[in-house]
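Novice: File follows, final21.txt with compact mmCIF, C-alpha atoms (C1' of nucleotides):
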# COMPACT_ATOMS: atom_id res chain seq x y z
CA MET M 796 3.68 -11.28 -9.64
CA ARG M 797 1.29 -8.38 -9.31
CA ALA M 798 2.90 -5.08 -8.66
CA ASP M 799 1.89 -3.58 -5.39
CA VAL M 800 1.72 -6.64 -3.21
CA LEU M 801 5.16 -5.68 -2.00
CA LYS M 802 3.87 -2.57 -0.29
CA GLY M 803 5.24 -2.50 3.20
CA HIS M 804 7.33 -5.63 2.84
CA LEU M 805 10.10 -4.28 0.65
CA ASP M 806 12.15 -2.84 3.47
CA GLY M 807 12.50 -6.18 5.18
CA LEU M 808 13.58 -7.85 1.98
CA LEU M 809 16.20 -5.22 1.27
CA LEU M 810 17.53 -5.38 4.80
CA SER M 811 17.73 -9.15 4.65
CA THR M 812 19.97 -9.06 1.58
CA LEU M 813 22.45 -7.04 3.59
CA GLU M 814 22.42 -9.38 6.53
CA ASP M 815 25.30 -11.47 5.21
CA GLY M 816 27.49 -8.49 4.51
CA PRO M 817 27.75 -5.21 2.58
CA ARG M 818 26.47 -5.03 -0.97
CA HIS M 819 25.89 -2.36 -3.58
CA GLY M 820 22.44 -1.58 -4.91
CA TYR M 821 22.70 -3.57 -8.07
CA ALA M 822 23.80 -6.62 -6.11
CA VAL M 823 20.94 -6.17 -3.66
CA ARG M 824 18.54 -6.24 -6.55
CA LYS M 825 20.20 -9.33 -7.98
CA ALA M 826 20.09 -11.09 -4.64
CA LEU M 827 16.32 -10.67 -4.60
CA VAL M 828 15.95 -11.91 -8.15
CA ASP M 829 18.13 -14.94 -7.49
CA GLY M 830 16.79 -15.71 -4.04
CA SER M 831 13.20 -15.71 -5.25
CA GLY M 832 13.69 -17.70 -8.41
CA GLY M 833 13.04 -14.61 -10.48
CA ARG M 834 9.66 -13.95 -8.88
CA ILE M 835 10.80 -10.74 -7.25
CA ASP M 836 12.33 -8.72 -10.06
CA LEU M 837 12.29 -5.09 -9.09
CA PRO M 838 12.96 -2.15 -11.39
CA THR M 839 15.89 0.00 -10.39
CA GLY M 840 13.48 2.87 -9.88
CA THR M 841 12.15 0.90 -6.94
CA VAL M 842 15.41 -0.31 -5.45
CA TYR M 843 17.52 2.82 -5.36
CA PRO M 844 14.95 5.18 -3.87
CA ALA M 845 14.09 2.51 -1.31
CA LEU M 846 17.74 2.19 -0.28
CA HIS M 847 17.98 5.96 0.05
CA ARG M 848 14.89 5.90 2.22
CA LEU M 849 16.38 3.22 4.43
CA GLU M 850 19.56 5.22 4.76
CA ARG M 851 17.66 8.36 5.69
CA ALA M 852 15.89 6.25 8.29
CA GLY M 853 19.24 5.18 9.70
CA LEU M 854 18.74 1.48 9.02
CA ILE M 855 21.60 1.20 6.58
CA SER M 856 24.73 3.23 5.90
CA SER M 857 26.58 3.73 2.66
CA ARG M 858 30.05 4.51 1.44
CA TRP M 859 31.48 5.02 -2.01
CA LEU M 860 34.05 2.68 -3.44
CA THR M 861 35.97 3.17 -6.65
CA VAL M 862 36.45 -0.05 -8.58
CA ASP M 863 38.23 0.21 -11.93
CA GLY M 864 37.49 3.89 -11.99
CA ARG M 865 33.77 3.21 -11.48
CA GLN M 866 31.83 4.44 -8.52
CA ARG M 867 30.01 1.92 -6.43
CA ARG M 868 27.87 2.72 -3.47
CA ILE M 869 28.16 0.05 -0.81
CA TYR M 870 25.38 -0.39 1.72
CA GLU M 871 25.65 -1.96 5.13
CA LEU M 872 23.24 -2.70 7.96
CA THR M 873 23.41 -0.44 10.98
CA THR M 874 22.57 -1.65 14.45
CA ASP M 875 19.15 -0.10 14.10
CA GLY M 876 18.83 -1.87 10.79
CA ARG M 877 19.54 -5.21 12.39
CA HIS M 878 16.85 -4.61 14.96
CA ALA M 879 14.45 -3.43 12.26
CA LEU M 880 15.12 -6.60 10.31
CA GLY M 881 14.19 -8.67 13.33
CA ALA M 882 11.02 -6.68 13.73
CA GLU M 883 10.18 -7.08 10.05
CA ARG M 884 10.67 -10.81 10.36
CA SER M 885 8.25 -11.25 13.20
CA SER M 886 5.83 -8.80 11.66
CA TRP M 887 5.93 -10.83 8.47
CA GLN M 888 5.35 -14.04 10.40
CA GLU M 889 2.31 -12.59 12.08
CA PHE M 890 0.93 -11.12 8.91
CA ALA M 891 1.54 -14.22 6.82
CA THR M 892 -0.05 -16.42 9.47
CA ALA M 893 -3.15 -14.27 9.63
CA VAL M 894 -3.57 -13.98 5.88
CA SER M 895 -2.91 -17.66 5.27
CA ALA M 896 -5.48 -18.56 7.89
CA LEU M 897 -8.10 -16.34 6.29
CA LEU M 898 -7.26 -16.94 2.68
CA GLY M 899 -5.97 -20.44 2.98
CA GLU M 900 -7.77 -23.39 1.55
CA LYS M 901 -10.76 -24.16 3.64
CA PRO M 902 -10.86 -27.59 5.26
CA TRP M 903 -13.83 -28.74 3.25
CA PRO M 904 -16.53 -30.78 4.96
CA ALA M 905 -15.38 -34.33 4.41
CA THR M 906 -18.33 -35.08 2.16
CA THR M 907 -17.06 -33.13 -0.80
CA MET D 698 0.25 -4.98 12.98
CA ARG D 699 1.84 -2.21 10.96
CA ALA D 700 -0.53 -0.28 8.79
CA ASP D 701 0.25 -0.60 5.13
CA VAL D 702 1.39 -4.19 4.94
CA LEU D 703 -2.07 -5.00 3.67
CA LYS D 704 -1.54 -3.10 0.46
CA GLY D 705 -2.51 -5.32 -2.39
CA HIS D 706 -3.74 -8.18 -0.25
CA LEU D 707 -6.95 -6.68 1.07
CA ASP D 708 -9.05 -7.59 -1.95
CA GLY D 709 -8.37 -11.26 -1.54
CA LEU D 710 -9.25 -11.17 2.12
CA LEU D 711 -12.51 -9.40 1.48
CA LEU D 712 -13.45 -11.79 -1.29
CA SER D 713 -12.66 -14.77 0.90
CA THR D 714 -15.09 -13.64 3.58
CA LEU D 715 -17.85 -13.77 0.98
CA GLU D 716 -16.96 -17.24 -0.21
CA ASP D 717 -19.29 -18.95 2.23
CA GLY D 718 -22.23 -16.77 1.34
CA PRO D 719 -23.50 -13.20 1.21
CA ARG D 720 -22.62 -10.79 3.98
CA HIS D 721 -23.00 -7.09 4.67
CA GLY D 722 -19.98 -4.84 5.13
CA TYR D 723 -19.99 -4.78 8.88
CA ALA D 724 -20.09 -8.58 8.96
CA VAL D 725 -17.24 -8.77 6.46
CA ARG D 726 -15.16 -6.63 8.76
CA LYS D 727 -16.07 -8.79 11.76
CA ALA D 728 -15.20 -11.96 9.88
CA LEU D 729 -11.69 -10.61 9.35
CA VAL D 730 -11.31 -9.61 12.98
CA ASP D 731 -12.55 -12.96 14.23
CA GLY D 732 -10.75 -15.08 11.65
CA SER D 733 -7.41 -13.44 12.41
CA GLY D 734 -7.62 -13.49 16.16
CA GLY D 735 -7.99 -9.71 16.16
CA ARG D 736 -4.78 -9.13 14.22
CA ILE D 737 -6.60 -7.77 11.21
CA ASP D 738 -8.83 -5.06 12.59
CA LEU D 739 -9.67 -2.66 9.81
CA PRO D 740 -11.29 0.74 10.21
CA THR D 741 -14.61 1.13 8.44
CA GLY D 742 -13.01 3.79 6.27
CA THR D 743 -10.94 1.01 4.78
CA VAL D 744 -13.61 -1.64 4.42
CA TYR D 745 -16.47 0.25 2.82
CA PRO D 746 -14.49 2.01 0.09
CA ALA D 747 -12.75 -1.27 -0.68
CA LEU D 748 -16.07 -3.04 -1.11
CA HIS D 749 -17.25 -0.28 -3.41
CA ARG D 750 -14.08 -0.67 -5.41
CA LEU D 751 -14.61 -4.40 -5.72
CA GLU D 752 -18.17 -3.84 -6.85
CA ARG D 753 -17.07 -1.31 -9.47
CA ALA D 754 -14.61 -3.93 -10.64
CA GLY D 755 -17.43 -6.42 -10.99
CA LEU D 756 -16.03 -8.89 -8.46
CA ILE D 757 -18.92 -8.57 -6.05
CA SER D 758 -22.51 -7.41 -6.35
CA SER D 759 -24.71 -5.76 -3.77
CA ARG D 760 -28.35 -5.38 -2.94
CA TRP D 761 -30.16 -3.51 -0.22
CA LEU D 762 -32.13 -5.26 2.44
CA THR D 763 -34.35 -3.63 5.01
CA VAL D 764 -34.18 -5.32 8.40
CA ASP D 765 -36.21 -3.80 11.22
CA GLY D 766 -36.39 -0.58 9.28
CA ARG D 767 -32.61 -0.50 8.95
CA GLN D 768 -30.84 -0.57 5.64
CA ARG D 769 -28.31 -3.29 5.07
CA ARG D 770 -26.21 -3.63 1.99
CA ILE D 771 -25.57 -7.26 1.23
CA TYR D 772 -22.57 -8.23 -0.85
CA GLU D 773 -22.12 -11.40 -2.83
CA LEU D 774 -19.38 -12.87 -4.98
CA THR D 775 -19.87 -12.74 -8.72
CA THR D 776 -18.45 -15.36 -11.05
CA ASP D 777 -15.59 -13.02 -11.83
CA GLY D 778 -15.12 -12.57 -8.11
CA ARG D 779 -14.78 -16.29 -7.58
CA HIS D 780 -12.14 -16.47 -10.26
CA ALA D 781 -10.38 -13.46 -8.81
CA LEU D 782 -10.37 -15.10 -5.40
CA GLY D 783 -8.67 -18.14 -6.88
CA ALA D 784 -6.11 -15.92 -8.54
CA GLU D 785 -5.52 -14.03 -5.29
CA ARG D 786 -4.98 -17.30 -3.47
CA SER D 787 -2.31 -18.56 -5.80
CA SER D 788 -0.76 -15.12 -6.04
CA TRP D 789 -0.58 -15.04 -2.26
CA GLN D 790 0.98 -18.50 -2.16
CA GLU D 791 3.65 -17.44 -4.61
CA PHE D 792 4.33 -14.18 -2.86
CA ALA D 793 4.41 -15.68 0.62
CA THR D 794 6.71 -18.45 -0.52
CA ALA D 795 9.14 -16.02 -2.10
CA VAL D 796 9.18 -13.63 0.85
CA SER D 797 9.47 -16.39 3.42
CA ALA D 798 12.38 -17.86 1.51
CA LEU D 799 14.19 -14.53 1.40
CA LEU D 800 13.26 -13.30 4.82
CA GLY D 801 13.03 -16.62 6.51
CA GLU D 802 14.81 -17.35 9.73
CA LYS D 803 18.47 -17.85 9.25
CA PRO D 804 19.96 -20.66 11.31
CA TRP D 805 21.03 -18.54 14.24
CA PRO D 806 24.40 -18.98 15.83
CA ALA D 807 23.43 -21.06 18.81
CA THR D 808 24.31 -18.27 21.26
CA THR D 809 21.13 -16.22 20.93
C1' DG T 65 30.89 1.14 -33.65
C1' DA T 66 26.77 -0.90 -31.80
C1' DC T 67 24.74 -3.33 -28.23
C1' DG T 68 23.94 -5.41 -23.83
C1' DA T 69 25.25 -5.87 -19.05
C1' DT T 70 26.69 -3.35 -15.12
C1' DG T 71 25.83 0.50 -12.10
C1' DT T 72 23.46 4.75 -10.15
C1' DG T 73 20.08 7.95 -10.20
C1' DT T 74 15.59 11.32 -10.54
C1' DA T 75 10.78 13.25 -11.69
C1' DG T 76 6.27 12.44 -11.54
C1' DC T 77 2.20 9.47 -11.21
C1' DG T 78 -1.43 6.40 -9.37
C1' DT T 79 -3.11 3.36 -6.09
C1' DC T 80 -4.95 2.47 -1.88
C1' DG T 81 -5.32 2.08 3.09
C1' DC T 82 -5.73 5.39 6.72
C1' DT T 83 -7.51 9.27 9.73
C1' DA T 84 -11.29 11.74 11.03
C1' DC T 85 -15.70 12.64 10.61
C1' DT T 86 -20.98 12.13 9.75
C1' DT T 87 -25.54 9.88 10.02
C1' DA T 88 -28.83 6.57 11.92
C1' DT T 89 -31.21 2.85 14.68
C1' DC T 90 -31.43 -0.15 18.59
C1' DA T 91 -30.51 -2.14 23.32
C1' DC T 92 -29.35 -1.35 27.81
C1' DC T 93 -28.71 1.00 32.17
C1' DG T 94 -29.42 4.44 35.52
C1' DC Q 1440 -35.94 10.18 30.07
C1' DG Q 1441 -30.96 10.66 28.87
C1' DG Q 1442 -26.54 8.69 27.99
C1' DT Q 1443 -23.62 5.21 26.06
C1' DG Q 1444 -22.12 1.64 23.17
C1' DA Q 1445 -22.94 -1.71 19.50
C1' DT Q 1446 -24.56 -2.15 14.91
C1' DA Q 1447 -24.51 -0.29 10.16
C1' DA Q 1448 -23.04 2.64 6.24
C1' DG Q 1449 -20.66 6.21 4.34
C1' DT Q 1450 -17.26 10.34 2.51
C1' DA Q 1451 -13.23 13.74 2.04
C1' DG Q 1452 -8.70 14.25 2.00
C1' DC Q 1453 -3.95 12.75 2.98
C1' DG Q 1454 0.38 10.36 2.72
C1' DA Q 1455 3.25 6.56 1.70
C1' DC Q 1456 5.46 4.12 -1.64
C1' DG Q 1457 6.35 1.27 -5.63
C1' DC Q 1458 6.14 2.06 -10.50
C1' DT Q 1459 7.04 4.01 -15.27
C1' DA Q 1460 10.08 6.25 -18.00
C1' DC Q 1461 13.84 8.39 -18.40
C1' DA Q 1462 19.16 9.94 -18.19
C1' DC Q 1463 24.03 9.02 -17.68
C1' DA Q 1464 28.41 6.38 -17.55
C1' DT Q 1465 31.69 2.35 -18.15
C1' DC Q 1466 33.01 -2.18 -19.77
C1' DG Q 1467 33.21 -6.29 -22.75
C1' DT Q 1468 31.86 -8.46 -26.91
C1' DC Q 1469 30.49 -9.04 -31.65
In structure tokens, what does this structure look like?
Specialist:
Amino acid sequence: MRADVLKGHLDGLLLSTLEDGPRHGYAVRKALVDGSGGRIDLPTGTVYPALHRLERAGLISSRWLTVDGRQRRIYELTTDGRHALGAERSSWQEFATAVSALLGEKPWPATT
Amino acid sequence: MRADVLKGHLDGLLLSTLEDGPRHGYAVRKALVDGSGGRIDLPTGTVYPALHRLERAGLISSRWLTVDGRQRRIYELTTDGRHALGAERSSWQEFATAVSALLGEKPWPATT
DNA sequence: GACGATGTGTAGCGTCGCTACTTATCACCG
DNA sequence: CGGTGATAAGTAGCGACGCTACACATCGTC
């Protein structure tokens, strides 16, 4: 999949992976890979900064866990994040509808 | 609609407006407004540079027409442009499918 | 002991849509 | 005649953001 098509849609995807419960960054990334059949396979240099951005924006919160002496940073949706996710969903619907209508296969005149 | 969600999808939309025949920039913009029910309403500062970019890329070609003493720049799909439009279509399909699957409405607990 | 998977992170770059502005002709209305 | 809005094309500069390319650490496996 081409690179930058994500622009502006990444936040919603990240938030959605946290909807079912807290996850750490690596697991968020994996959830996107798995849930998209490998189509959305983001480099870590995309995921981690994006999570930090979302935290700065107050849409997710994080805490550190120590598992087997290894540090894991666990992210969780905030209330604002839940609302933002809803907004992203409807925004996506609207956008996808508009683009599909414009780009979508034309109903060819029956003669073709 | 939020601003930057277009990122990476604009080219396909522009190309698609030229599929049915040549148009000038202003008409391209109008076609997007009309075809999206006003949802996609781009400033001219987005449309014209994007068309120039597509022409530099060889996906469209332009010629000047003089109508009533006014200059109009008419754009037209090239062969490469037609191929690119096809590629954008399938790329959009793939992307939209993946995002919808990930973001898609969860079966809400009946209470909402 | 080397390698890959797991896990987190940063610095810097490039793309691209946007804001804000300019220039010009024409139709319409008062 | 003057003002306003639609039509028509354009540029300069900015900011957001995903990407590349790294660095670092632990664990299990060969």
Novice: Could you give me, as a Markdown table, every chain M residue with an atom at most 8 Å from chain D, plus its closest atom pair and distance in Å to one decimal, counting only C-alpha atoms, rows ordered by chain then number?
Specialist:
| residue | atom | partner | partner_atom | distance |
| --- | --- | --- | --- | --- |
| M:Met796 | CA | D:Ser788 | CA | 6.9 |
| M:Arg797 | CA | D:Ser788 | CA | 7.8 |
| M:Asp799 | CA | D:Gly705 | CA | 5.6 |
| M:Val800 | CA | D:Gly705 | CA | 4.5 |
| M:Leu801 | CA | D:Lys704 | CA | 7.6 |
| M:Lys802 | CA | D:Lys704 | CA | 5.5 |
| M:Gly803 | CA | D:Val702 | CA | 4.6 |
| M:His804 | CA | D:Val702 | CA | 6.5 |
| M:Gly807 | CA | D:Leu800 | CA | 7.2 |
| M:Leu808 | CA | D:Leu800 | CA | 6.2 |
| M:Ser811 | CA | D:Leu800 | CA | 6.1 |
| M:Thr812 | CA | D:Leu799 | CA | 8.0 |
| M:Leu827 | CA | D:Leu799 | CA | 7.4 |
| M:Gly830 | CA | D:Leu799 | CA | 6.1 |
| M:Ser831 | CA | D:Ala795 | CA | 5.1 |
| M:Gly832 | CA | D:Ala795 | CA | 8.0 |
| M:Arg834 | CA | D:Ala795 | CA | 7.1 |
| M:Ile835 | CA | D:Ala795 | CA | 7.6 |
| M:Arg884 | CA | D:Leu800 | CA | 6.6 |
| M:Ser886 | CA | D:Met698 | CA | 6.9 |
| M:Glu889 | CA | D:Met698 | CA | 7.9 |
| M:Phe890 | CA | D:Met698 | CA | 7.4 |
| M:Ala891 | CA | D:Ala793 | CA | 7.0 |
| M:Ala893 | CA | D:Ser733 | CA | 5.2 |
| M:Val894 | CA | D:Leu710 | CA | 7.4 |
| M:Ala896 | CA | D:Ser733 | CA | 7.1 |
| M:Leu897 | CA | D:Gly732 | CA | 6.1 |
| M:Leu898 | CA | D:Ser713 | CA | 6.1 |
| M:Gly899 | CA | D:Arg786 | CA | 7.2 |
Novice: Would you compute the distance between C1' of DG94 (chain T) and C1' of DA1445 (chain Q)? Give it in Å to one decimal.
Specialist: 18.3 Å
Novice: Closest to chain M among T:DA75, T:DA88, T:DC67, T:DC93, using only C-alpha atoms (C1' of nucleotides)?
Specialist: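 Going through T:DA75, T:DA88, T:DC67, T:DC93 one by one, the smallest distance to chain M is for T:DA75.
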Novice: Residues of chain M within 10 Å of chain T, counting only C-alpha atoms (C1' of nucleotides), what are they? List them as a ChimeraX atom specification.
Specialist: /M:799,819-822,839-840,843-844,865-868
Novice: Once the least-squares fit of chain D onto chain M is done over all Cα atoms matched in order, how many Å of RMSD are left?
Specialist: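 C-alpha RMSD after optimal superposition stands at 1.5 Å.
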Novice: Quick one: of D:Leu751, D:Ala784, D:Leu774, D:Val744, who's nearest to chain Q, counting all atoms listed in the file?
Specialist: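 Counting all atoms listed in the file, the residue closest to chain Q is D:Val744.
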Novice: Considering only C-alpha atoms (C1' of nucleotides), state which residue in the set M:Arg818, M:His878, M:Arg848, M:Arg824 is at the smallest distance from chain Q.
Specialist: M:Arg848
Novice: For the atom pair C1' of DA1448 (chain Q) and CA of Thr743 (chain D), what is the interatomic distance in Å to one decimal place?
Specialist: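 For C1' of DA1448 (chain Q) relative to CA of Thr743 (chain D), the distance reads 12.3 Å.
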Novice: Could you state the separation of CA of Glu871 (chain M) and C1' of DG1454 (chain Q) in Å, given to one decimal place?
Specialist: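 A separation of 28.2 Å between them.
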Novice: Using only C-alpha atoms (C1' of nucleotides), what does the table of chain Q residues within 9 Å of chain D look like, with each row giving the shortest atom pair and its distance in Å to one decimal, sorted by chain and ascending number, as a Markdown table?
Specialist:
| residue | atom | partner | partner_atom | distance |
| --- | --- | --- | --- | --- |
| Q:DT1446 | C1' | D:Tyr723 | CA | 8.0 |
| Q:DA1447 | C1' | D:Tyr723 | CA | 6.5 |
| Q:DA1448 | C1' | D:Tyr745 | CA | 7.8 |
| Q:DG1449 | C1' | D:Tyr745 | CA | 7.4 |
| Q:DT1450 | C1' | D:Gly742 | CA | 8.7 |
| Q:DA1455 | C1' | D:Asp701 | CA | 8.5 |
